[in-house]
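Shown below: my_file_3.cif, with mmCIF, C-alpha atoms.
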data_target
loop_
_atom_site.label_atom_id
_atom_site.label_comp_id
_atom_site.auth_asym_id
_atom_site.auth_seq_id
_atom_site.Cartn_x
_atom_site.Cartn_y
_atom_site.Cartn_z
CA MET G 1 127.53 105.06 69.93
CA SER G 2 126.99 105.10 66.17
CA ALA G 3 123.60 105.10 64.43
CA GLN G 4 124.57 101.90 62.68
CA LEU G 5 125.20 100.15 66.00
CA ASP G 6 121.83 101.27 67.41
CA ILE G 7 119.95 99.95 64.40
CA THR G 8 121.74 96.68 64.96
CA ARG G 9 120.58 96.73 68.62
CA ILE G 10 116.97 97.37 67.55
CA LYS G 11 117.14 94.54 65.05
CA HIS G 12 118.61 92.29 67.68
CA PHE G 13 115.89 93.32 70.15
CA LEU G 14 113.12 92.57 67.64
CA LYS G 15 114.63 89.21 66.73
CA ARG G 16 115.10 88.25 70.34
CA GLU G 17 111.59 89.30 71.40
CA GLN G 18 109.66 87.95 68.45
CA GLN G 19 108.67 84.82 70.33
CA GLY G 20 106.08 84.93 73.11
CA ASN G 21 103.88 87.82 74.19
CA ILE G 22 104.91 91.43 73.66
CA HIS G 23 104.33 93.42 76.84
CA LEU G 24 103.94 97.15 77.33
CA ASN G 25 107.40 97.09 78.89
CA ASP G 26 108.83 95.72 75.62
CA ILE G 27 107.24 98.52 73.62
CA VAL G 28 108.66 101.11 76.02
CA ARG G 29 112.08 99.47 75.73
CA LEU G 30 111.84 99.63 71.94
CA ALA G 31 110.84 103.31 72.09
CA GLU G 32 113.82 103.93 74.35
CA LEU G 33 116.19 102.22 71.95
CA MET G 34 114.80 104.13 68.98
CA THR G 35 115.01 107.47 70.78
CA ASP G 36 118.58 106.74 71.85
CA SER G 37 119.54 105.90 68.29
CA MET G 38 118.07 109.19 66.98
CA LEU G 39 119.91 111.25 69.61
CA ASP G 40 123.29 110.60 68.03
CA ILE G 41 122.03 111.48 64.54
CA LEU G 42 120.45 114.75 65.65
CA LYS G 43 123.13 115.84 68.12
CA GLY G 44 125.30 117.38 65.49
CA ASN G 45 122.50 118.93 63.43
CA ASP G 46 119.93 120.68 65.58
CA GLN G 47 120.59 121.45 69.27
CA GLN G 48 116.93 122.32 70.09
CA THR G 49 115.55 119.13 68.55
CA PHE G 50 118.29 117.24 70.32
CA GLU G 51 117.22 118.69 73.70
CA GLU G 52 113.54 117.89 73.05
CA LEU G 53 114.44 114.38 72.07
CA ARG G 54 116.59 113.98 75.14
CA LYS G 55 113.64 115.02 77.35
CA ILE G 56 111.46 112.44 75.60
CA SER G 57 114.16 109.87 76.18
CA TYR G 58 114.20 110.67 79.94
CA GLN G 59 110.40 110.45 80.08
CA ILE G 60 110.47 107.07 78.42
CA SER G 61 113.06 105.89 80.93
CA ASP G 62 110.86 107.12 83.79
CA THR G 63 107.82 105.40 82.32
CA LYS G 64 109.83 102.22 82.00
CA ARG G 65 110.82 102.45 85.66
CA ASP G 66 107.19 103.17 86.65
CA LEU G 67 105.98 100.14 84.77
CA ALA G 68 108.60 97.99 86.48
CA ASP G 69 107.49 99.39 89.86
CA PHE G 70 103.84 98.67 89.00
CA ARG G 71 104.65 94.98 89.34
CA ALA G 72 102.14 94.05 86.64
CA ASP G 73 103.21 90.40 86.79
CA GLU G 74 102.44 90.28 90.52
CA MET G 75 99.02 91.82 89.85
CA HIS G 76 98.36 89.47 86.95
CA GLU G 77 99.62 86.30 88.57
CA GLU G 78 98.79 86.86 92.24
CA HIS G 79 96.46 89.68 93.34
CA ILE G 80 93.84 89.55 90.57
CA PRO G 81 93.46 85.72 90.50
CA GLN G 82 93.26 85.79 94.32
CA ALA G 83 90.49 88.39 94.13
CA GLY G 84 88.69 86.16 91.63
CA ARG G 85 88.96 83.17 93.97
CA GLU G 86 87.60 85.26 96.85
CA LEU G 87 84.59 86.29 94.75
CA ASP G 88 84.00 82.66 93.72
CA ALA G 89 84.02 81.72 97.40
CA VAL G 90 81.51 84.51 98.10
CA VAL G 91 79.15 83.14 95.44
CA GLU G 92 79.55 79.62 96.82
CA ALA G 93 78.96 80.67 100.44
CA THR G 94 75.93 82.79 99.53
CA GLU G 95 74.42 79.94 97.57
CA GLY G 96 75.09 77.44 100.38
CA ALA G 97 73.58 79.73 103.02
CA THR G 98 70.49 80.43 100.90
CA ASN G 99 69.90 76.71 100.40
CA LYS G 100 70.31 75.97 104.12
CA ILE G 101 67.90 78.75 105.11
CA MET G 102 65.33 77.68 102.52
CA GLU G 103 65.58 74.01 103.52
CA ALA G 104 65.08 74.93 107.18
CA ALA G 105 62.10 77.15 106.34
CA GLU G 106 60.59 74.40 104.17
CA SER G 107 60.98 71.87 107.00
CA ILE G 108 59.15 74.23 109.36
CA MET G 109 56.36 74.74 106.82
CA GLU G 110 56.02 71.00 106.24
CA GLY G 111 56.16 70.12 109.95
CA ASP G 112 53.25 68.40 111.61
CA PRO G 113 51.94 70.55 114.48
CA SER G 114 49.65 67.81 115.78
CA ASP G 115 52.40 66.78 118.21
CA PRO G 116 53.28 70.17 119.76
CA GLU G 117 56.32 68.91 121.68
CA THR G 118 58.01 67.29 118.68
CA TYR G 119 57.00 70.18 116.44
CA SER G 120 58.42 72.75 118.85
CA ALA G 121 61.74 70.88 119.13
CA MET G 122 61.97 70.61 115.35
CA VAL G 123 61.23 74.34 114.89
CA ASN G 124 63.88 75.14 117.51
CA ASP G 125 66.50 73.04 115.68
CA LYS G 126 65.65 74.59 112.33
CA VAL G 127 65.83 78.11 113.78
CA ILE G 128 69.34 77.36 115.06
CA GLU G 129 70.29 76.10 111.58
CA ILE G 130 69.03 79.41 110.15
CA PHE G 131 71.15 81.39 112.66
CA GLU G 132 74.20 79.32 111.77
CA ALA G 133 73.64 79.78 108.04
CA CYS G 134 73.36 83.57 108.48
CA SER G 135 77.02 83.70 109.52
CA PHE G 136 77.86 83.72 105.80
CA GLN G 137 77.40 87.51 105.90
CA ASP G 138 80.45 87.95 108.14
CA ILE G 139 82.70 85.66 106.09
CA THR G 140 81.62 87.03 102.71
CA GLY G 141 81.99 90.58 104.04
CA GLN G 142 85.61 89.86 104.95
CA ARG G 143 86.26 88.27 101.54
CA ILE G 144 84.81 91.28 99.72
CA SER G 145 86.96 93.59 101.86
CA LYS G 146 90.03 91.70 100.61
CA VAL G 147 88.91 92.24 96.98
CA VAL G 148 88.33 95.93 97.68
CA LYS G 149 91.88 96.16 99.11
CA THR G 150 93.25 94.70 95.85
CA LEU G 151 91.26 97.25 93.82
CA ASP G 152 92.53 100.05 96.08
CA LEU G 153 96.08 98.84 95.55
CA ILE G 154 95.68 98.91 91.75
CA ASP G 155 94.02 102.32 91.96
CA GLU G 156 96.85 103.77 94.08
CA GLN G 157 99.54 102.39 91.77
CA ILE G 158 97.87 103.71 88.62
CA LYS G 159 97.38 107.09 90.29
CA CYS G 160 101.07 107.07 91.16
CA ILE G 161 102.06 106.51 87.52
CA VAL G 162 99.62 109.14 86.24
CA ASP G 163 100.94 111.68 88.77
CA ARG G 164 104.51 111.04 87.69
CA MET G 165 103.67 111.36 84.01
CA ASP G 166 101.68 114.50 84.72
CA ASP G 167 104.44 116.34 86.43
CA GLN G 168 108.02 115.35 85.87
CA GLN G 169 109.08 117.42 88.87
CA LYS G 170 107.11 115.14 91.14
CA THR G 171 108.85 112.10 89.71
CA VAL G 172 111.96 112.38 91.81
CA GLU G 173 110.04 113.23 95.01
CA LYS G 174 107.62 110.38 94.62
CA GLY G 175 110.20 107.72 93.83
CA GLY G 176 110.01 104.76 96.18
CA SER G 177 106.71 105.74 97.76
CA ARG G 178 104.78 103.01 96.01
CA PRO G 179 102.12 101.28 98.10
CA SER G 180 102.88 97.73 99.04
CA GLY G 181 100.22 95.03 98.98
CA GLU G 182 102.05 93.08 101.63
CA SER G 183 101.98 95.97 104.09
CA LEU G 184 98.19 96.17 103.79
CA LEU G 185 97.77 92.60 104.94
CA SER G 186 99.87 92.02 107.97
CA ASP G 187 100.92 88.51 108.87
CA LEU G 188 98.13 87.65 111.27
CA LEU G 189 95.28 89.40 109.47
CA ASN G 190 94.63 87.20 106.48
CA GLY G 191 90.85 87.01 106.75
CA PRO G 192 88.92 83.90 105.77
CA ALA G 193 91.06 81.25 104.11
CA LEU G 194 90.10 79.66 100.81
CA LYS G 195 89.33 75.93 100.69
CA GLY G 196 92.49 73.99 101.51
CA ASP G 197 94.44 77.08 102.64
CA GLY G 198 93.39 77.26 106.28
CA ILE G 199 93.03 74.62 108.94
CA GLU G 200 89.83 72.91 110.07
CA GLN G 201 88.30 73.07 113.55
CA ASP G 202 89.61 69.55 114.35
CA GLU G 203 93.17 70.73 113.80
CA VAL G 204 92.55 73.83 115.91
CA ASP G 205 91.22 71.57 118.66
CA SER G 206 94.49 69.63 118.73
CA HIS G 207 96.09 72.81 120.13
CA PHE G 208 93.61 72.84 123.02
CA PRO G 209 93.73 69.33 124.49
CA MET Y 1 85.48 77.06 137.09
CA ALA Y 2 81.81 76.12 136.96
CA LEU Y 3 79.57 77.14 134.10
CA ASP Y 4 77.03 79.64 135.36
CA LEU Y 5 74.35 80.46 132.79
CA SER Y 6 73.52 83.72 134.55
CA MET Y 7 77.07 85.13 134.24
CA PRO Y 8 77.53 88.16 131.97
CA VAL Y 9 79.01 87.23 128.58
CA LEU Y 10 80.64 89.79 126.30
CA VAL Y 11 80.45 89.20 122.54
CA VAL Y 12 82.96 91.27 120.54
CA ASP Y 13 82.50 91.51 116.78
CA ASP Y 14 82.38 94.35 114.26
CA TYR Y 15 79.71 92.60 112.18
CA LYS Y 16 76.33 93.28 113.74
CA THR Y 17 74.87 90.20 112.08
CA MET Y 18 77.52 88.02 113.71
CA VAL Y 19 76.85 89.58 117.12
CA ARG Y 20 73.17 88.84 116.64
CA ILE Y 21 73.88 85.24 115.60
CA ILE Y 22 76.14 84.57 118.60
CA ARG Y 23 73.67 86.30 120.93
CA ASN Y 24 70.85 84.08 119.64
CA LEU Y 25 72.96 80.93 119.87
CA LEU Y 26 73.95 81.82 123.44
CA LYS Y 27 70.29 82.43 124.24
CA GLN Y 28 69.46 78.98 122.87
CA LEU Y 29 72.20 77.55 125.10
CA GLY Y 30 70.57 79.21 128.10
CA PHE Y 31 72.73 82.31 128.65
CA GLU Y 32 70.57 85.18 129.80
CA ASN Y 33 73.00 88.03 130.29
CA VAL Y 34 74.77 88.83 126.99
CA ASP Y 35 76.40 92.15 126.17
CA ASP Y 36 78.32 93.16 123.04
CA ALA Y 37 81.05 95.47 121.73
CA ALA Y 38 82.07 96.39 118.19
CA ASP Y 39 85.86 96.19 118.62
CA GLY Y 40 88.66 95.62 121.10
CA THR Y 41 88.77 99.19 122.40
CA GLU Y 42 85.06 99.26 123.25
CA ALA Y 43 85.27 95.76 124.73
CA PHE Y 44 88.22 96.63 126.96
CA ALA Y 45 86.43 99.76 128.23
CA LYS Y 46 83.34 97.68 129.03
CA MET Y 47 85.47 95.06 130.78
CA LYS Y 48 87.01 97.75 132.99
CA ASP Y 49 83.50 98.87 133.95
CA GLN Y 50 81.89 95.50 134.51
CA LYS Y 51 83.09 92.01 135.33
CA TYR Y 52 82.29 89.45 132.61
CA GLY Y 53 82.33 85.71 133.13
CA LEU Y 54 83.27 85.00 129.51
CA VAL Y 55 84.48 86.95 126.46
CA ILE Y 56 83.76 85.64 122.97
CA SER Y 57 85.72 87.73 120.49
CA ASP Y 58 86.35 88.01 116.78
CA TRP Y 59 89.97 88.60 115.68
CA ASN Y 60 89.80 90.92 112.68
CA MET Y 61 88.45 94.26 113.91
CA GLU Y 62 89.52 97.89 113.84
CA PRO Y 63 90.96 99.86 115.52
CA MET Y 64 91.79 97.20 118.11
CA THR Y 65 91.80 93.57 116.99
CA GLY Y 66 90.62 90.67 119.12
CA TYR Y 67 94.22 89.50 119.41
CA GLU Y 68 95.29 92.86 120.83
CA LEU Y 69 92.29 92.79 123.17
CA LEU Y 70 93.34 89.34 124.37
CA LYS Y 71 96.88 90.58 125.10
CA GLN Y 72 95.56 93.63 126.94
CA VAL Y 73 93.19 91.50 129.01
CA ARG Y 74 95.93 89.05 129.92
CA GLY Y 75 98.22 91.97 130.79
CA ASP Y 76 95.71 93.56 133.14
CA SER Y 77 95.84 92.10 136.64
CA SER Y 78 92.12 92.72 137.27
CA LEU Y 79 91.04 90.98 134.05
CA THR Y 80 93.76 88.44 133.43
CA LYS Y 81 91.71 85.42 134.50
CA THR Y 82 88.64 86.20 132.36
CA PRO Y 83 87.86 83.20 130.14
CA PHE Y 84 88.42 84.21 126.52
CA ILE Y 85 87.28 82.37 123.38
CA MET Y 86 88.36 83.55 119.94
CA VAL Y 87 85.74 83.06 117.22
CA THR Y 88 87.31 83.97 113.92
CA ALA Y 89 87.71 83.31 110.21
CA GLU Y 90 91.49 83.53 110.71
CA SER Y 91 92.28 79.85 110.26
CA LYS Y 92 96.03 79.77 109.81
CA THR Y 93 98.07 77.69 112.22
CA GLU Y 94 100.18 80.73 113.12
CA ASN Y 95 97.03 82.54 114.29
CA VAL Y 96 96.00 79.66 116.54
CA ILE Y 97 99.52 79.40 117.98
CA ALA Y 98 99.79 83.17 118.52
CA ALA Y 99 96.40 83.26 120.26
CA LYS Y 100 97.31 80.31 122.44
CA LYS Y 101 100.62 81.92 123.39
CA ALA Y 102 98.72 85.10 124.27
CA GLY Y 103 96.51 83.07 126.62
CA VAL Y 104 93.29 82.31 124.75
CA ASN Y 105 91.19 79.57 126.37
CA ASN Y 106 89.74 78.20 123.15
CA TYR Y 107 89.53 78.97 119.45
CA ILE Y 108 86.59 78.54 117.06
CA VAL Y 109 86.94 78.80 113.29
CA LYS Y 110 84.10 80.52 111.43
CA PRO Y 111 81.72 79.37 110.10
CA PHE Y 112 80.76 77.33 113.13
CA ASN Y 113 77.62 75.76 114.52
CA ALA Y 114 75.81 75.91 117.85
CA GLN Y 115 77.21 72.54 118.87
CA THR Y 116 80.81 73.74 118.42
CA LEU Y 117 80.13 76.90 120.43
CA LYS Y 118 78.50 74.87 123.20
CA GLY Y 119 81.36 72.36 123.23
CA LYS Y 120 84.06 75.03 123.47
CA ILE Y 121 82.28 76.95 126.24
CA GLU Y 122 81.89 73.71 128.18
CA ALA Y 123 85.54 72.86 127.59
CA VAL Y 124 86.65 76.25 128.93
CA PHE Y 125 84.59 75.74 132.08
CA GLY Y 126 85.68 72.12 132.46
CA GLU Y 127 82.17 70.75 132.05
#
Since I need it in another form, could you write the structure as structure tokens?
Amino acid sequence: MSAQLDITRIKHFLKREQQGNIHLNDIVRLAELMTDSMLDILKGNDQQTFEELRKISYQISDTKRDLADFRADEMHEEHIPQAGRELDAVVEATEGATNKIMEAAESIMEGDPSDPETYSAMVNDKVIEIFEACSFQDITGQRISKVVKTLDLIDEQIKCIVDRMDDQQKTVEKGGSRPSGESLLSDLLNGPALKGDGIEQDEVDSHFP
Amino acid sequence: MALDLSMPVLVVDDYKTMVRIIRNLLKQLGFENVDDAADGTEAFAKMKDQKYGLVISDWNMEPMTGYELLKQVRGDSSLTKTPFIMVTAESKTENVIAAKKAGVNNYIVKPFNAQTLKGKIEAVFGE
């Protein structure tokens, strides 16, 4: 491959990629192209420089493969927005539960104890409402666990890339051992559904006539 | 099956707050004898030790889920007829179908209220 041809490839790459966002992958691809183009020039002149450059070229290729394995698009388009929606649902549930508990407490405070029977029944009803509202802790706990799993997944994948960059020897051994988000959440353990994703109690009831 | 308020009820959930809520709701409904377990393994051990009239279990627990507990209970000849209600945030149709296939008597989606719990217990006991 001649130097002239490689420069043409770089120019073509830049022209082709000039529209839209430039991703880290694109920069790595450009670095790879540039390194490749320099290899041919240096091959005939300086063997040691050529070897160094070849190592850099391999490292860039590995980095490129790591970035592809990282599945940044999946993180960006799926896992991170999902985590955001879970946290929004946590805020909403916490707010709803707080309001219900406060309303029930206010009703008890404002109740008229002059009729003990009516007052007692009302207090009983409001106490049940408070118990019901407290169930938010379970649901929000499960939602936060899902967010933590996403963070763990990102952490593991970044650690994987850092390990591979740190020690090229480990690169080959570690290939293919990337954690999978899907395996963490098996089919029947989805946790609380977001609004519109799960089914309501009425629909569940239709399965138990 | 008649509903006997004095029968022992086992509540299985890994969230202590949820156990407390269900315990209190059951108390309001008149149940006097309520026990609890933090996951399927503990629940199954308790069920082997003592006969319960009703099990109310969460799904998502570790190490043994409520679904696995249900399958173990239905697979054990001495426990197979124990009424079992799943109370869970797992609200996908496939979960409901899987639980029904495994032999659950009723299924409650969290969050729920006292009226729903009462209604499902009564439905299980044909009240």
d(atom CA of Y:Val9, atom CA of Y:Lys51) in Å: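 Interatomic distance here is 9.2 Å.
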Could you tell me which residues the PyMOL selection byres ((chain G and resi 209) around 12) returns for this structure, as a short mmCIF file (atom, residue, chain, number, x, y, z; two decimals) with C-alpha atoms, in the frame of the given file?
data_model
loop_
_atom_site.label_atom_id
_atom_site.label_comp_id
_atom_site.auth_asym_id
_atom_site.auth_seq_id
_atom_site.Cartn_x
_atom_site.Cartn_y
_atom_site.Cartn_z
CA ASP G 202 89.61 69.55 114.35
CA GLU G 203 93.17 70.73 113.80
CA VAL G 204 92.55 73.83 115.91
CA ASP G 205 91.22 71.57 118.66
CA SER G 206 94.49 69.63 118.73
CA HIS G 207 96.09 72.81 120.13
CA PHE G 208 93.61 72.84 123.02
CA LYS Y 100 97.31 80.31 122.44
CA ASN Y 105 91.19 79.57 126.37
CA ASN Y 106 89.74 78.20 123.15
CA TYR Y 107 89.53 78.97 119.45
CA LYS Y 120 84.06 75.03 123.47
CA ALA Y 123 85.54 72.86 127.59
CA VAL Y 124 86.65 76.25 128.93
CA GLY Y 126 85.68 72.12 132.46
#
Distance query G:Ala104 at most 12 Å, all atoms listed in the file, self and fewer than 2 positions along chain excluded, as JSON, numbers by chain: {"G": [97, 98, 99, 100, 101, 102, 106, 107, 108, 109, 110, 111, 122, 123, 124, 125, 126, 127, 128, 129, 130, 131, 132, 133]}
Could the residues of chain G that have an atom at most 6 Å from chain Y be listed as CSV, each with its closest atom pair and the distance in Å to one decimal, counting all atoms listed in the file and ordered by chain and ascending residue number?
residue,atom,partner,partner_atom,distance
G:Phe131,CA,Y:Ile21,CA,5.6
G:Glu132,CA,Y:Asn113,CA,5.7
G:Gly191,CA,Y:Glu90,CA,5.3
G:Pro192,CA,Y:Ala89,CA,4.6
G:Gly198,CA,Y:Ser91,CA,4.9
G:Ile199,CA,Y:Ser91,CA,5.4
G:Gln201,CA,Y:Val109,CA,5.9
Box for stretch 3-13 of chain Y: with edges along x, y and z, all listed atoms inside and 5 Å added on each side, what are the centre and edge lengths in Å to one decimal, as AutoDock Vina command-line options?
--center_x 78.2 --center_y 84.3 --center_z 126.1 --size_x 19.4 --size_y 24.4 --size_z 28.6
Contact residues around Y:Phe125 with only C-alpha atoms at 9 Å, ignoring same-chain residues under 5 positions, as a PyMOL selection string: chain Y and resi 1-3+83+120
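Distance annotation: of Y:Ser6, Y:Gln50, Y:Ser78, Y:Thr41, the residue with the minimal separation from Y:Gly66 is Y:Thr41; atom set is all atoms listed in the file.
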Pull out every residue that the PyMOL selection byres ((chain G and resi 58-66) around 7) matches in the shown coordinates and put them as a PDB file with C-alpha atoms, in the frame of the given file.
ATOM      1  CA  ASN G  25     107.400  97.090  78.890  1.00  0.00           C
ATOM      2  CA  VAL G  28     108.660 101.110  76.020  1.00  0.00           C
ATOM      3  CA  GLU G  32     113.820 103.930  74.350  1.00  0.00           C
ATOM      4  CA  ARG G  54     116.590 113.980  75.140  1.00  0.00           C
ATOM      5  CA  LYS G  55     113.640 115.020  77.350  1.00  0.00           C
ATOM      6  CA  ILE G  56     111.460 112.440  75.600  1.00  0.00           C
ATOM      7  CA  SER G  57     114.160 109.870  76.180  1.00  0.00           C
ATOM      8  CA  LEU G  67     105.980 100.140  84.770  1.00  0.00           C
ATOM      9  CA  ALA G  68     108.600  97.990  86.480  1.00  0.00           C
ATOM     10  CA  ASP G  69     107.490  99.390  89.860  1.00  0.00           C
ATOM     11  CA  PHE G  70     103.840  98.670  89.000  1.00  0.00           C
ATOM     12  CA  ILE G 161     102.060 106.510  87.520  1.00  0.00           C
TER      13      ILE G 161
END
Selection under test: the PyMOL selection byres ((chain G and resi 86) around 8); residues as a VMD selection string: chain G and resid 82 to 85 87 to 90 143 to 144 146 to 147 194
Nearest residue to Y:Glu32 from the set Y:Ala45, Y:Leu5, Y:Met86, Y:Val55 (distances using only C-alpha atoms): Y:Leu5
Separation of atom CA of Y:Glu62 from atom CA of G:Gln157 in Å: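 Taking atom CA of G:Gln157 and atom CA of Y:Glu62, their separation equals 24.7 Å.
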Separation of atom CA of Y:Glu68 from atom CA of Y:Asp39 in Å: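 Separating atom CA of Y:Asp39 from atom CA of Y:Glu68 is a distance of 10.2 Å.
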Counting only C-alpha atoms, the option among Y:Ser57, Y:Tyr52, Y:Lys118, Y:Ala99 closest to Y:Leu79: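 Using only C-alpha atoms, the shortest distance to Y:Leu79 belongs to Y:Tyr52.
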